[in-house]
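Shown below: input.txt, with compact mmCIF, C-alpha atoms.
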# COMPACT_ATOMS: atom_id res chain seq x y z
CA MET A 50 14.57 80.92 193.09
CA CYS A 51 14.02 84.63 192.33
CA VAL A 52 15.97 87.57 193.71
CA ILE A 53 14.98 90.90 195.26
CA ILE A 54 17.42 93.83 194.99
CA ILE A 55 17.12 97.05 197.03
CA LYS A 56 19.24 99.99 195.87
CA GLN A 57 19.31 103.53 197.23
CA GLN A 58 19.68 106.88 195.44
CA GLY A 59 23.10 107.59 193.91
CA GLN A 60 24.33 103.99 193.97
CA ARG A 61 24.86 101.87 190.86
CA LEU A 62 23.89 98.23 190.53
CA PRO A 63 26.80 96.45 188.81
CA LYS A 64 25.86 95.72 185.21
CA GLU A 65 27.04 92.12 185.50
CA VAL A 66 24.81 91.57 188.54
CA ALA A 67 21.77 92.92 186.68
CA LYS A 68 22.56 90.75 183.66
CA THR A 69 23.04 87.64 185.81
CA SER A 70 19.78 88.36 187.65
CA GLY A 71 17.89 88.42 184.38
CA ARG A 72 19.64 85.32 183.06
CA VAL A 73 19.01 83.03 186.04
CA ASN A 74 15.54 84.46 186.76
CA PRO A 75 13.99 84.77 183.27
CA HIS A 76 10.28 84.96 184.09
CA GLY A 77 9.64 88.65 184.74
CA LEU A 78 11.00 91.82 186.33
CA GLY A 79 8.97 94.12 188.57
CA VAL A 80 10.35 97.43 189.85
CA ILE A 81 9.19 99.87 192.51
CA TRP A 82 10.97 103.18 191.86
CA MET A 83 11.53 104.71 195.28
CA ASP A 84 11.85 108.30 194.05
CA THR A 85 8.27 108.27 192.73
CA PHE A 86 6.93 104.94 194.09
CA GLU A 87 5.67 104.11 190.62
CA ILE A 88 5.50 100.39 189.82
CA THR A 89 6.55 99.09 186.40
CA TYR A 90 6.74 95.60 184.91
CA HIS A 91 9.22 94.32 182.33
CA ASN A 92 10.67 91.24 180.71
CA SER A 93 13.70 89.91 182.63
CA LYS A 94 15.88 90.51 179.58
CA ASP A 95 15.18 94.23 180.01
CA TYR A 96 17.49 94.31 183.05
CA LYS A 97 19.20 97.43 181.64
CA VAL A 98 16.36 99.56 183.03
CA LEU A 99 18.18 99.13 186.36
CA ASP A 100 21.32 100.82 185.02
CA THR A 101 20.48 104.05 186.80
CA GLU A 102 21.18 106.03 189.96
CA ARG A 103 17.45 106.10 190.75
CA PRO A 104 16.55 104.20 193.94
CA PHE A 105 14.51 101.06 193.42
CA ILE A 106 13.30 97.72 194.75
CA ALA A 107 13.47 95.15 191.94
CA HIS A 108 12.22 91.57 191.74
CA PHE A 109 13.43 89.08 189.13
CA ARG A 110 11.16 86.02 188.99
CA TYR A 111 12.01 82.36 188.53
CA ALA A 112 8.68 80.54 188.20
CA THR A 113 8.10 77.65 190.61
CA VAL A 114 4.37 78.06 191.15
CA GLY A 115 1.97 79.76 188.76
CA ALA A 116 1.96 80.63 185.07
CA ILE A 117 4.65 82.71 183.42
CA GLY A 118 3.33 86.15 182.49
CA ILE A 119 2.62 89.66 183.64
CA GLU A 120 -0.15 88.54 185.99
CA ASN A 121 2.39 86.66 188.15
CA THR A 122 5.18 89.23 188.11
CA HIS A 123 5.92 90.81 191.51
CA PRO A 124 4.94 93.00 193.31
CA PHE A 125 1.31 92.24 194.17
CA PRO A 126 -1.28 94.44 195.92
CA CYS A 127 -2.23 93.21 199.37
CA GLY A 128 -5.91 92.44 198.93
CA ALA A 129 -8.09 95.47 198.38
CA ASN A 130 -5.43 97.74 199.89
CA LYS A 131 -3.84 99.30 196.80
CA ASN A 132 -1.30 101.17 198.92
CA GLU A 133 0.42 98.04 200.23
CA TRP A 134 2.42 95.79 197.86
CA LEU A 135 4.37 92.57 198.45
CA MET A 136 7.44 90.88 196.91
CA MET A 137 8.78 87.47 197.90
CA ASN A 138 11.89 85.40 197.21
CA GLY A 139 11.15 81.77 198.00
CA THR A 140 8.33 79.27 197.70
CA ILE A 141 5.46 78.55 200.08
CA TYR A 142 4.40 74.98 199.48
CA GLY A 143 0.65 74.53 199.29
CA LYS A 144 -0.17 78.07 198.13
CA GLY A 145 -0.95 78.86 194.51
CA ASN A 146 -1.52 76.59 191.54
CA LYS A 147 -0.47 76.24 187.91
CA THR A 148 -2.22 79.54 187.06
CA GLU A 149 -1.68 81.74 190.13
CA CYS A 150 1.62 82.04 192.00
CA ASP A 151 1.98 81.57 195.76
CA THR A 152 3.05 85.17 196.46
CA LYS A 153 -0.05 86.54 194.79
CA VAL A 154 -2.24 84.32 196.99
CA LEU A 155 -0.31 85.33 200.11
CA ALA A 156 -0.58 89.04 199.29
CA ARG A 157 -4.34 88.70 198.92
CA GLU A 158 -4.54 86.92 202.29
CA LEU A 159 -2.42 89.58 204.00
CA GLY A 160 -4.86 92.26 202.86
CA ASN A 161 -7.50 90.67 205.09
CA LYS A 162 -5.30 90.76 208.21
CA PRO A 163 -4.36 93.66 210.49
CA ARG A 164 -1.16 95.39 209.39
CA HIS A 165 0.55 94.91 212.76
CA THR A 166 0.30 91.11 212.37
CA TRP A 167 2.16 90.97 209.06
CA LYS A 168 5.63 90.62 210.54
CA LYS A 169 4.66 87.56 212.58
CA GLU A 170 2.74 86.14 209.64
CA LEU A 171 5.58 86.48 207.12
CA GLU A 172 8.43 85.45 209.37
CA GLN A 173 6.90 82.01 209.89
CA TYR A 174 8.10 81.18 206.35
CA PRO A 175 11.79 80.60 205.42
CA CYS A 176 11.50 83.16 202.62
CA ARG A 177 12.61 86.75 201.99
CA PHE A 178 9.89 89.41 201.81
CA VAL A 179 9.55 93.13 201.21
CA SER A 180 6.34 95.06 201.75
CA VAL A 181 6.01 98.55 200.29
CA ASN A 182 3.53 101.29 201.15
CA VAL A 183 3.33 103.54 198.09
CA ARG A 184 1.22 106.12 199.95
CA ASN A 185 3.57 106.54 202.90
CA ARG A 186 6.60 105.95 200.65
CA SER A 187 8.08 103.37 202.97
CA TYR A 188 9.14 99.73 202.86
CA GLN A 189 9.90 96.92 205.30
CA ILE A 190 12.26 93.93 204.94
CA TYR A 191 11.31 90.63 206.60
CA ASN A 192 13.65 87.78 207.62
CA LYS A 193 16.50 90.24 207.19
CA GLU A 194 19.03 87.72 208.52
CA LEU A 195 18.55 85.74 205.29
CA TRP A 196 19.60 88.72 203.15
CA VAL A 197 23.08 89.93 202.25
CA GLN A 198 24.33 93.49 201.85
CA ARG A 199 27.08 94.21 199.34
CA ASP A 200 28.43 97.73 198.76
CA GLY A 201 25.29 99.20 200.30
CA ILE A 202 22.88 97.19 198.11
CA TRP A 203 20.61 94.53 199.63
CA TYR A 204 20.17 91.15 197.91
CA SER A 205 17.74 88.44 198.93
CA ARG A 206 20.07 85.80 197.42
CA THR A 207 23.77 85.67 196.60
CA ASN A 208 23.44 83.57 193.45
CA VAL A 209 23.52 86.72 191.31
CA LEU A 210 26.78 87.91 192.87
CA GLU A 211 29.12 85.93 190.64
CA GLU A 212 32.52 87.11 191.77
CA HIS A 213 34.87 84.12 191.84
CA LEU A 214 36.62 82.70 188.78
CA VAL A 215 37.04 78.94 189.09
CA ALA A 216 38.85 76.68 186.60
CA VAL A 217 37.59 73.08 186.60
CA TYR A 218 39.28 70.10 184.98
CA GLY A 219 37.28 67.05 186.09
CA THR A 220 33.71 66.07 186.91
CA LEU A 221 32.66 69.73 187.21
CA LYS A 222 33.21 70.23 183.48
CA LYS A 223 30.16 70.54 181.24
CA GLY A 224 28.54 67.20 180.50
CA HIS A 225 29.81 65.49 183.67
CA GLY A 226 27.82 64.61 186.75
CA ASN A 227 28.95 67.27 189.20
CA TYR A 228 28.38 70.05 186.66
CA TYR A 229 24.63 69.38 186.81
CA HIS A 230 24.62 69.46 190.61
CA HIS A 231 26.78 72.54 191.15
CA LEU A 232 27.40 74.78 188.12
CA THR A 233 24.30 74.93 185.92
CA GLU A 234 23.33 78.37 187.27
CA SER A 235 26.87 79.77 187.11
CA LYS A 236 28.19 81.77 184.18
CA PHE A 237 30.44 79.84 181.81
CA ILE A 238 33.34 82.06 180.71
CA SER A 239 35.43 79.97 178.32
CA LYS A 240 37.50 76.88 177.76
CA GLY A 241 41.23 77.23 178.25
CA VAL A 242 44.43 75.65 179.53
CA THR A 243 46.68 76.20 182.52
CA LYS A 244 49.33 78.72 181.46
CA ASP A 245 51.96 76.55 183.17
CA LYS A 246 52.28 72.78 182.95
CA TYR A 247 50.92 70.65 185.79
CA PRO A 248 50.52 66.89 186.32
CA LEU A 249 46.93 65.72 185.80
CA VAL A 250 46.38 62.18 187.05
CA VAL A 251 43.27 60.15 186.28
CA ASP A 252 42.93 57.34 188.79
CA GLY A 253 39.21 56.66 188.82
CA LEU A 254 38.66 60.37 189.45
CA PRO A 255 41.00 63.08 188.12
CA TYR A 256 43.22 65.19 190.31
CA LEU A 257 45.80 67.90 189.72
CA ILE A 258 49.17 67.90 191.48
CA GLU A 259 50.93 71.13 192.41
CA GLU A 260 54.20 70.38 190.61
CA LYS A 261 54.57 73.36 188.29
CA GLY A 262 56.46 72.64 185.06
CA LYS A 263 55.64 68.91 184.88
CA GLY A 264 53.03 67.26 182.72
CA HIS A 265 50.89 69.31 180.34
CA ASN A 266 49.05 72.59 179.95
CA VAL A 267 45.87 71.06 181.33
CA GLU A 268 42.56 71.71 179.58
CA VAL A 269 40.03 73.46 181.84
CA GLU A 270 36.70 75.25 181.77
CA VAL A 271 36.33 78.58 183.55
CA PHE A 272 33.17 79.62 185.40
CA LYS A 273 32.25 82.72 187.37
CA VAL A 274 30.51 81.60 190.58
CA ASP A 275 28.75 83.28 193.49
CA ASP A 276 29.67 82.99 197.17
CA ASP A 277 27.28 80.10 197.88
CA THR A 278 28.47 78.07 194.88
CA PHE A 279 32.08 78.80 195.84
CA LYS A 280 31.48 77.36 199.31
CA ASP A 281 29.58 74.44 197.79
CA ILE A 282 32.52 73.52 195.53
CA ASP A 283 34.93 73.90 198.46
CA ALA A 284 32.85 71.35 200.35
CA LEU A 285 32.72 69.02 197.34
CA GLU A 286 36.51 69.13 196.95
CA GLY A 287 37.21 68.89 200.68
CA HIS A 288 39.10 72.18 200.77
CA PRO A 289 41.46 72.72 202.53
CA ASN A 290 41.97 69.23 203.96
CA TRP A 291 41.77 66.92 200.92
CA TYR A 292 42.07 69.28 197.95
CA GLU A 293 43.51 72.76 198.35
CA ARG A 294 42.26 75.72 196.34
CA LYS A 295 44.91 78.05 194.89
CA GLN A 296 44.99 80.78 192.24
CA ILE A 297 46.94 80.23 189.03
CA PRO A 298 46.97 81.87 185.55
CA ILE A 299 44.64 80.32 182.96
CA LYS A 300 44.98 81.04 179.24
CA LEU A 301 41.58 81.24 177.54
CA LYS A 302 40.83 80.25 173.95
CA ASP A 303 40.86 83.89 172.85
CA GLY A 304 44.36 84.41 174.29
CA ARG A 305 43.34 86.29 177.44
CA VAL A 306 44.98 85.22 180.69
CA LEU A 307 42.83 85.21 183.83
CA THR A 308 43.81 84.40 187.40
CA CYS A 309 41.47 81.63 188.53
CA TRP A 310 41.01 79.35 191.49
CA ILE A 311 41.83 75.68 190.87
CA TYR A 312 41.92 72.64 193.18
CA PHE A 313 45.13 70.66 193.81
CA ASN A 314 45.18 67.27 195.51
CA LYS A 315 47.31 67.74 198.62
CA GLY A 316 50.21 65.44 199.38
CA GLN A 317 50.25 63.63 196.03
CA SER A 318 53.30 63.06 193.83
CA SER A 319 53.44 62.56 190.06
CA VAL A 320 56.31 60.05 190.28
CA GLY A 321 55.47 56.86 188.39
CA LYS A 322 52.01 58.10 187.32
CA LYS A 323 50.63 58.55 183.83
CA LEU A 324 50.01 62.24 183.18
CA HIS A 325 47.11 63.55 181.09
CA LYS A 326 46.35 66.76 179.22
CA SER A 327 42.58 66.50 179.65
CA TYR A 328 39.95 64.54 181.55
CA THR A 329 37.22 63.11 179.36
CA GLY A 330 35.76 60.50 181.68
CA HIS A 331 32.13 59.57 181.17
CA SER A 332 30.01 62.54 180.17
CA HIS A 333 26.23 62.58 180.41
CA LYS A 334 23.91 63.93 177.77
CA HIS A 335 21.39 65.72 179.94
CA GLN A 336 17.84 65.28 178.63
CA PRO A 337 15.30 67.41 180.50
CA ALA A 338 11.90 65.85 181.11
CA LYS A 339 9.41 67.00 178.52
CA SER A 340 7.08 69.71 179.70
CA TRP A 341 4.60 71.96 178.01
CA GLN A 342 5.89 75.48 177.46
CA PRO A 343 3.64 78.50 176.99
CA ALA A 344 3.11 79.33 173.33
CA PHE A 345 2.87 83.04 174.12
CA THR A 346 5.74 85.43 174.69
CA PHE A 347 6.10 87.63 177.74
CA TRP A 348 3.99 90.79 177.53
CA GLU A 349 6.60 93.41 176.64
CA PRO A 350 5.27 96.92 177.48
CA GLN A 351 5.52 98.25 181.03
CA ARG A 352 2.54 99.50 182.98
CA THR A 353 2.03 101.65 186.06
CA ILE A 354 -0.05 100.88 189.12
CA ASP A 355 -2.85 103.08 187.76
CA GLU A 356 -3.24 101.06 184.57
CA PRO A 357 -5.29 97.85 184.37
CA LEU A 358 -3.60 94.52 183.83
CA ILE A 359 -3.82 93.04 180.35
CA ASP A 360 -4.65 89.37 180.57
CA ASP A 361 -2.15 86.99 178.99
CA PRO A 362 -3.39 83.81 177.31
CA LYS A 363 -4.26 81.24 179.95
CA LEU A 364 -2.73 77.80 180.18
CA PRO A 365 -5.02 75.08 178.79
CA ASP A 366 -6.62 73.00 181.51
CA ASP A 367 -5.98 69.72 179.75
CA GLN A 368 -2.19 70.08 179.61
CA GLU A 369 -0.27 67.81 181.98
CA PHE A 370 3.38 67.74 182.90
CA THR A 371 5.00 64.41 182.10
CA VAL A 372 8.20 62.92 183.44
CA ALA A 373 10.51 60.20 182.21
CA GLU A 374 10.04 56.65 183.42
CA GLU A 375 12.37 57.28 186.31
CA CYS A 376 11.69 58.43 189.84
CA PRO A 377 13.13 61.84 190.80
CA VAL A 378 14.95 61.77 194.13
CA CYS A 379 16.08 64.59 196.44
CA ILE A 380 19.84 65.20 196.31
CA ASN A 381 19.84 66.08 200.04
CA CYS A 382 17.83 63.30 201.68
CA PHE A 383 17.01 60.91 198.77
CA ASN A 384 13.27 61.05 199.40
CA ASP A 385 10.86 61.05 196.45
CA LEU A 386 10.12 64.43 194.89
CA GLU A 387 6.93 66.02 193.66
CA HIS A 388 6.92 68.19 190.54
CA ASP A 389 4.98 71.24 189.43
CA PHE A 390 3.69 72.27 186.04
CA TYR A 391 7.04 73.71 184.91
CA GLY A 392 9.29 70.82 185.85
CA ASN A 393 10.49 72.13 189.22
CA TYR A 394 10.72 69.54 192.00
CA TYR A 395 9.77 69.79 195.69
CA CYS A 396 10.88 67.58 198.59
CA LYS A 397 8.35 67.33 201.43
CA ALA A 398 10.98 65.78 203.69
CA CYS A 399 13.47 68.67 203.71
CA GLY A 400 11.34 71.43 202.19
CA GLU A 401 13.75 72.21 199.32
CA TRP A 402 12.96 73.06 195.68
CA PHE A 403 15.12 71.83 192.78
CA SER A 404 15.33 72.40 189.04
CA GLU A 405 15.41 69.58 186.49
CA ASN A 406 19.21 69.95 186.34
CA GLU A 407 19.65 69.34 190.06
CA ILE A 408 17.72 66.14 190.76
CA ILE A 409 18.80 62.52 190.80
CA LYS A 410 16.73 59.88 188.99
CA PHE A 411 16.58 56.17 189.73
CA GLY A 412 14.44 53.48 188.16
CA CYS A 413 10.99 53.35 189.75
CA ALA A 414 10.04 50.34 191.83
CA ASN A 415 7.50 48.02 190.20

Written as structure tokens, how would this file's structure read?
Amino acid sequence: MCVIIIKQQGQRLPKEVAKTSGRVNPHGLGVIWMDTFEITYHNSKDYKVLDTERPFIAHFRYATVGAIGIENTHPFPCGANKNEWLMMNGTIYGKGNKTECDTKVLARELGNKPRHTWKKELEQYPCRFVSVNVRNRSYQIYNKELWVQRDGIWYSRTNVLEEHLVAVYGTLKKGHGNYYHHLTESKFISKGVTKDKYPLVVDGLPYLIEEKGKGHNVEVEVFKVDDDTFKDIDALEGHPNWYERKQIPIKLKDGRVLTCWIYFNKGQSSVGKKLHKSYTGHSHKHQPAKSWQPAFTFWEPQRTIDEPLIDDPKLPDDQEFTVAEECPVCINCFNDLEHDFYGNYYCKACGEWFSENEIIKFGCAN
């Protein structure tokens, strides 16, 4: 949830990374411009403001705690100290409420504590933090081992670094079970077919055999995935022991040919097997639980740190989040989940947060 990006003078943030950041974190963009240390706030869809050589620290928000609006867009002043500001990527369970986000509460608490204690205070949480002193024109990264550096730019998460093209032909396709667990946050590129013919066997689950020239031009869907998702799919497919990932040409619907990773079942033969062009299987129509959505739109104009906040409409106190008559269960440990006002789910057992797309639901016990 969320991402913080730190870029120095003269570098360029890849346009695709900025666009992906805004797409998967749609609830607000805050920027500290490190050449002037001015702070501005924007809608996430205005990610193009980062297409510049100016140095900045940017935060794209995905709301897990607190209302969606300018008042919960990072960074936040640390208490009464208007020189110190805080950004966070992560969630601190127990802080914040449906109106005020957890980072805003934490920043206010930090303002009441000696500055030299902040490092110890922040590093007790499994989150990524940046504190910025706009007077001294300095910043500090916390839990740096959780960050990644790519081409000189620091990222608090890798989910915006979508660099691997993967062609899927089975249960990872849209509408099937594994798509909801692994690919909902990845960018869908296009449908297509393998440029060469391959045997696709459906024996309970589908698998592709590396016998080029046999079978059909298999129908696939192409996604661009980040490093973490790439590793996640490798684990799902048992690469390299059960399935083996290899690159082959894929012809998209518009005629373009892209080289994509695809998974072959090792050691299998097509002899005597029925070969398919496409896997249809049993798709699932995903119906998100109903939740109240703010009737207002994100406050569009930017402001500076010297301008007062403009209050957005507040969420009505009598609105409640409702769930379907099924019990949400953690996909890691299968314990019951709690939900917040926006339909995000939290597992007390393992401390993980999940979106509606990621959870498992079983019938509740009577």

Residues of stretch 211-246 of chain A at most 9 Å from stretch 295-317 of chain A: nearest atom pair and distance in Å, only C-alpha atoms, as a Markdown table:
| residue | atom | partner | partner_atom | distance |
| --- | --- | --- | --- | --- |
| A:His213 | CA | A:Trp310 | CA | 7.8 |
| A:Leu214 | CA | A:Cys309 | CA | 5.0 |
| A:Val215 | CA | A:Trp310 | CA | 4.7 |
| A:Ala216 | CA | A:Ile311 | CA | 5.3 |
| A:Val217 | CA | A:Ile311 | CA | 6.6 |
| A:Tyr218 | CA | A:Ile311 | CA | 8.5 |
| A:Ile238 | CA | A:Leu301 | CA | 8.9 |
| A:Ser239 | CA | A:Leu301 | CA | 6.3 |
| A:Lys240 | CA | A:Leu301 | CA | 6.0 |
| A:Gly241 | CA | A:Leu301 | CA | 4.1 |
| A:Val242 | CA | A:Lys300 | CA | 5.4 |
| A:Thr243 | CA | A:Ile299 | CA | 4.6 |
| A:Lys244 | CA | A:Ile299 | CA | 5.2 |
| A:Asp245 | CA | A:Pro298 | CA | 7.7 |

Item checked: Proximity to A:Ser318 - best of A:Leu285, A:Ile81, A:Val250, A:Val274, all atoms listed in the file ->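 Using all atoms listed in the file, A:Ser318 sits closest to A:Val250.
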
Notebook entry, point to check: atom CA of A:Ala284 and atom CA of A:Leu249, how far apart in Å?
Noted result: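 So the two atoms, atom CA of A:Leu249 and atom CA of A:Ala284, lie 21.0 Å apart.
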
Next item on the list: Check the smallest atom-to-atom distance from each of A:Lys94, A:Arg103, A:Arg110, A:Lys273 to A:Gln60 using only C-alpha atoms, then report the winner.
Entry: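 The shortest atom-to-atom distance to A:Gln60 comes from A:Arg103.
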
Next item on the list: Provide the atom CA of A:Val181 to atom CA of A:Arg206 distance in Å, to one decimal place.
Entry: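 Rounded to one decimal, the two atoms are 19.2 Å apart.
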
Next item on the list: Find the residues near A:Gly79: any atom within 6 Å, counting only C-alpha atoms, skip ones fewer than 3 places away on the same chain, and give them as a ChimeraX atom specification.
Entry: /A:89-90,107-108,123

Selected residues, C-alpha atoms, written as a PDB file, in the frame of the given file, please.
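See part_12.pdb below for the written result:
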ATOM      1  CA  THR A  89       6.550  99.090 186.400  1.00  0.00           C
ATOM      2  CA  TYR A  90       6.740  95.600 184.910  1.00  0.00           C
ATOM      3  CA  ALA A 107      13.470  95.150 191.940  1.00  0.00           C
ATOM      4  CA  HIS A 108      12.220  91.570 191.740  1.00  0.00           C
ATOM      5  CA  HIS A 123       5.920  90.810 191.510  1.00  0.00           C
TER       6      HIS A 123
END

Next item on the list: Around the point (31.2, 85.8, 194.5), in the coordinates given by the file, pick out the residues reaching within 6 Å, counting all atoms listed in the file, and return them as a ChimeraX atom specification.
Entry: /A:210-213,274-276

Notebook entry, point to check: Quick one: of A:Arg72, A:Arg184, A:Gly160, A:Tyr191, who's nearest to A:Ser235, counting only C-alpha atoms?
Noted result: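 Answer, going by the shortest atom-to-atom distance: A:Arg72.
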
Checklist line | Point-to-point distance from atom CA of A:Trp291 to atom CA of A:Lys246, Å rounded to tenths | finding: 21.6 Å

Check: List as a PyMOL selection string: which residues have an atom within 12 Å of (14.9, 87.1, 184.4), counting only C-alpha atoms?
Finding: chain A and resi 50-53+66-79+90-97+107-112+117-118+122+209+347

Check: Using only C-alpha atoms, which residue out of A:Asn121, A:Gln57, A:Asn146, A:Thr329 lies closest to A:Thr101?
Finding: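 Among A:Asn121, A:Gln57, A:Asn146, A:Thr329, it is A:Gln57 that comes nearest to A:Thr101.
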
Next item on the list: Return the single residue from A:Leu386, A:Val179, A:Glu172, A:Thr113 that is closest to A:Cys150, with distances computed using only C-alpha atoms.
Entry: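 Of all the options, A:Thr113 lies closest to A:Cys150.
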